[in-house]
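Colleague: Structure provided below as structure tokens; questions to follow.
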There are 2 protein chains.
Amino acid sequence: MVDKFVSSASRPFGPSLERLRAAGLRPTRQRLALAKLLFNGIDCHISAEALHEEAEAAGIRVSLATVYNTLHQFTAVGLMREIVVDSQRSYFDTNVSDHHHFFHESTSRLQDIPAEDVRVARLPAPPAGARVKRIDVIVRLEEKE
Amino acid sequence: MVDKFVSSASRPFGPSLERLRAAGLRPTRQRLALAKLLFNGIDCHISAEALHEEAEAAGIRVSLATVYNTLHQFTAVGLMREIVVDSQRSYFDTNVSDHHHFFHESTSRLQDIPAEDVRVARLPAPPAGARVKRIDVIVRLEEKE
DNA sequence: GTGATTGCAAATCTTTTGCACTAAA
DNA sequence: TTTAGTGCAAAAGATTTGCAATCAC
């Protein structure tokens, strides 16, 4: 088995492999396959169930438990982040840069709002002993009539 | 906001009964008891499970299913609102005025931020066909050091 | 009385866990 | 070989549902 890819010129598995290696995650078949689905250059917001279905549709054999594990691992190492908009289901976002979201409640679809497009001003100081970890702005949308 | 207690002398069941009637909800024993726990003048953020425990501690006999029903009914008629901060558990807020939240992740505790203390500026226009239903700002806090 | 409301237990749904098995290093 | 990672099925929580019993009006 080839265990070293010396140059980026020959990347039979694409950049996903290096991405996982750089994050300290062992590049297993399942992680590589999911990474390829997720980090294809298009920012995506997805639930575990949806990713599992997408994987099956792509002919990738992964268990749902592994999809959950993988999404949480990717989140833990900063490759993704979790978005909390629905108390029944978790969504994960491949865009880890500072930004916010529109949430279409009727379709449960998420859409990015660049950080520059929102200014959160005059925020009171956090209570003593606490530090701001992140500010989430969720603009909930409903259908117009 | 506190003027509801002014003429409580003439209201044998307190303001809860009228509050329910005004909302078009039949004032059953369970709804009245939960309303009294919830609308005591202090804004509170609570989960269904926690309210159920609080009710039991107060000697009120209510099933958890009824607590869920009641919280959703109160929310539907505008007496409360749901706050989504944790994908595993729902929180309900007795403060239905426009405001935002600090969320202490280590303790799962919520704290109000008055609307005046946050300015969300330069928000892009919502996509066509959609209307802004609400803007939620959640300031996630972690413990310092 | 009549229809709304409740309790209870079972069902559902999402997410996690335990453990034997497989695969990366 | 050695240990991390995986699948599977079962478990765990949170929430909902179905239906007979009960309550408000």
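Going by the structure tokens order, chains are called A, B, ..., each with residues numbered from 1, while ligands are numbered from 1 in the order shown.
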Lay chain B over chain A with a least-squares fit on all the C-alpha atoms, paired in sequence, and tell me the RMSD.
Modeller: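 The optimal C-alpha superposition leaves an RMSD of 4.5 Å.
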Colleague: Using only C-alpha atoms (C1' of nucleotides), tabulate the residues of chain C lying at most 12 Å from any atom of chain A, each with its closest atom pair and that distance in Å to one decimal, by chain and increasing residue number, as JSON lines.
Modeller:
```
{"residue": "C:DC13", "atom": "C1'", "partner": "A:Gln88", "partner_atom": "CA", "distance": 8.5}
{"residue": "C:DT14", "atom": "C1'", "partner": "A:Arg89", "partner_atom": "CA", "distance": 6.8}
{"residue": "C:DT15", "atom": "C1'", "partner": "A:Tyr68", "partner_atom": "CA", "distance": 8.0}
{"residue": "C:DT16", "atom": "C1'", "partner": "A:Ala65", "partner_atom": "CA", "distance": 8.3}
{"residue": "C:DT17", "atom": "C1'", "partner": "A:Ala65", "partner_atom": "CA", "distance": 9.9}
{"residue": "C:DT22", "atom": "C1'", "partner": "A:Thr28", "partner_atom": "CA", "distance": 11.3}
{"residue": "C:DA23", "atom": "C1'", "partner": "A:Thr28", "partner_atom": "CA", "distance": 8.2}
{"residue": "C:DA24", "atom": "C1'", "partner": "A:Thr28", "partner_atom": "CA", "distance": 7.2}
{"residue": "C:DA25", "atom": "C1'", "partner": "A:Asp3", "partner_atom": "CA", "distance": 8.3}
```
Colleague: Keeping only C-alpha atoms (C1' of nucleotides), take the residues you just selected and write them out as a PDB file, in the first residue's frame.
Modeller:
```pdb
ATOM      1  C1'  DC C  13     -37.111  10.217  15.656  1.00  0.00           C
ATOM      2  C1'  DT C  14     -32.494  11.718  16.312  1.00  0.00           C
ATOM      3  C1'  DT C  15     -28.272  10.682  18.257  1.00  0.00           C
ATOM      4  C1'  DT C  16     -25.099   7.788  21.059  1.00  0.00           C
ATOM      5  C1'  DT C  17     -22.981   3.517  22.710  1.00  0.00           C
ATOM      6  C1'  DT C  22     -11.518  -4.399  10.004  1.00  0.00           C
ATOM      7  C1'  DA C  23      -8.064  -1.614   8.373  1.00  0.00           C
ATOM      8  C1'  DA C  24      -4.402   2.099   8.644  1.00  0.00           C
ATOM      9  C1'  DA C  25       0.274   2.805  10.136  1.00  0.00           C
TER      10       DA C  25
END
```
Colleague: When you get a sec, could you note down which chain A residues fall within 9 Å of chain B, using only C-alpha atoms, as a PyMOL selection string?
Modeller: chain A and resi 83-91+102+104+113+116-124+126-145
Colleague: List the spatial neighbours of Ala33 in chain B as a CSV table (one decimal) with N, CA and C atoms, in the first residue's frame - criterion: any atom at most 9 Å away, only C-alpha atoms (C1' of nucleotides), same-chain residues fewer than 3 positions off excluded.
Modeller:
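Okay, result.csv is ready:
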```csv
chain,number,residue,atom,x,y,z
B,16,SER,N,-53.7,34.6,35.7
B,16,SER,CA,-53.4,33.5,34.8
B,16,SER,C,-54.7,33.1,34.0
B,28,THR,N,-57.8,25.1,32.0
B,28,THR,CA,-57.9,23.8,32.8
B,28,THR,C,-57.0,23.9,34.0
B,29,ARG,N,-57.2,23.0,34.9
B,29,ARG,CA,-56.4,22.9,36.1
B,29,ARG,C,-54.9,22.9,35.7
B,30,GLN,N,-54.5,22.1,34.8
B,30,GLN,CA,-53.1,21.9,34.4
B,30,GLN,C,-52.5,23.2,33.8
B,36,LYS,N,-49.2,29.7,36.2
B,36,LYS,CA,-48.8,30.3,37.5
B,36,LYS,C,-47.3,30.1,37.8
B,37,LEU,N,-46.8,29.0,37.4
B,37,LEU,CA,-45.4,28.7,37.6
B,37,LEU,C,-44.6,29.6,36.7
B,38,LEU,N,-45.1,29.7,35.4
B,38,LEU,CA,-44.4,30.4,34.4
B,38,LEU,C,-44.4,31.9,34.4
B,55,ALA,N,-43.1,21.5,38.4
B,55,ALA,CA,-44.5,21.2,38.7
B,55,ALA,C,-44.7,20.2,39.7
B,60,ILE,N,-48.0,19.7,41.8
B,60,ILE,CA,-48.9,19.7,40.7
B,60,ILE,C,-48.8,18.4,39.9
```
Colleague: Compile a residue-level contact table for chain D against chain B at a cut-off of 12 Å, reporting for every qualifying residue the shortest atom pair and its distance in Å to one decimal, with only C-alpha atoms (C1' of nucleotides) counted, rows ordered by chain and ascending number, as a Markdown table.
Modeller:
```
| residue | atom | partner | partner_atom | distance |
| --- | --- | --- | --- | --- |
| D:DG13 | C1' | B:Gln88 | CA | 8.5 |
| D:DA14 | C1' | B:Arg89 | CA | 6.8 |
| D:DT15 | C1' | B:Tyr68 | CA | 8.0 |
| D:DT16 | C1' | B:Ala65 | CA | 8.2 |
| D:DT17 | C1' | B:Ala65 | CA | 9.9 |
| D:DT22 | C1' | B:Thr28 | CA | 11.4 |
| D:DC23 | C1' | B:Thr28 | CA | 7.8 |
| D:DA24 | C1' | B:Thr28 | CA | 7.2 |
| D:DC25 | C1' | B:Arg26 | CA | 9.4 |
```
Colleague: To one decimal place in Å, what is the distance between CA of Val96 in chain A and CA of Asp112 in chain B?
Modeller: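 Here the two named atoms are 26.8 Å from each other.
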Colleague: What's around Leu20 in chain B at 9 Å? Count only C-alpha atoms (C1' of nucleotides), leave out sequence neighbours fewer than 2 positions away in its own chain, and write the answer as a list in words.
Modeller: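 Using only C-alpha atoms (C1' of nucleotides), the neighbours found are Pro15, Ser16, Leu17, Glu18, Ala22, Ala23, Gly24, Leu25, Arg26, Pro27, Arg31, Leu32, Ala35, Phe74 and Leu79 of chain B.
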Colleague: Emit the selected residues as a tab-separated table (two decimals), in the first residue's frame, including N, CA, C and O atoms.
Modeller:
```tsv
chain	number	residue	atom	x	y	z
B	15	PRO	N	-54.07	36.49	37.61
B	15	PRO	CA	-54.18	36.94	36.22
B	15	PRO	C	-54.05	35.79	35.22
B	15	PRO	O	-54.37	35.96	34.06
B	16	SER	N	-53.66	34.64	35.69
B	16	SER	CA	-53.45	33.53	34.76
B	16	SER	C	-54.73	33.14	34.04
B	16	SER	O	-54.73	32.88	32.84
B	17	LEU	N	-55.82	33.13	34.81
B	17	LEU	CA	-57.08	32.73	34.21
B	17	LEU	C	-57.45	33.63	33.05
B	17	LEU	O	-57.78	33.17	31.96
B	18	GLU	N	-57.36	34.93	33.30
B	18	GLU	CA	-57.71	35.86	32.23
B	18	GLU	C	-56.74	35.77	31.06
B	18	GLU	O	-57.13	35.93	29.91
B	22	ALA	N	-58.08	35.12	27.46
B	22	ALA	CA	-57.80	36.10	26.41
B	22	ALA	C	-57.12	35.44	25.22
B	22	ALA	O	-57.29	35.85	24.07
B	23	ALA	N	-56.36	34.40	25.52
B	23	ALA	CA	-55.64	33.72	24.44
B	23	ALA	C	-56.50	32.66	23.77
B	23	ALA	O	-56.09	32.04	22.80
B	24	GLY	N	-57.70	32.48	24.31
B	24	GLY	CA	-58.61	31.51	23.72
B	24	GLY	C	-58.32	30.08	24.14
B	24	GLY	O	-58.73	29.14	23.48
B	25	LEU	N	-57.61	29.94	25.26
B	25	LEU	CA	-57.32	28.60	25.76
B	25	LEU	C	-58.22	28.31	26.96
B	25	LEU	O	-58.31	29.11	27.89
B	26	ARG	N	-58.85	27.19	26.93
B	26	ARG	CA	-59.71	26.81	28.05
B	26	ARG	C	-58.85	26.67	29.31
B	26	ARG	O	-57.85	25.95	29.29
B	27	PRO	N	-59.22	27.36	30.37
B	27	PRO	CA	-58.37	27.34	31.57
B	27	PRO	C	-58.56	26.07	32.38
B	27	PRO	O	-59.31	26.05	33.34
B	31	ARG	N	-53.31	23.77	32.88
B	31	ARG	CA	-52.83	24.99	32.23
B	31	ARG	C	-52.69	26.13	33.21
B	31	ARG	O	-51.73	26.90	33.17
B	32	LEU	N	-53.67	26.23	34.11
B	32	LEU	CA	-53.61	27.29	35.11
B	32	LEU	C	-52.40	27.13	36.01
B	32	LEU	O	-51.67	28.08	36.28
B	35	ALA	N	-49.28	27.92	34.10
B	35	ALA	CA	-49.21	29.36	33.84
B	35	ALA	C	-48.75	30.10	35.09
B	35	ALA	O	-47.97	31.05	35.02
B	74	PHE	N	-49.01	27.53	24.46
B	74	PHE	CA	-48.66	28.87	24.92
B	74	PHE	C	-47.84	29.59	23.85
B	74	PHE	O	-48.00	30.79	23.63
B	79	LEU	N	-48.00	33.55	24.04
B	79	LEU	CA	-47.70	33.79	25.46
B	79	LEU	C	-46.24	33.49	25.76
B	79	LEU	O	-45.68	33.96	26.74
```
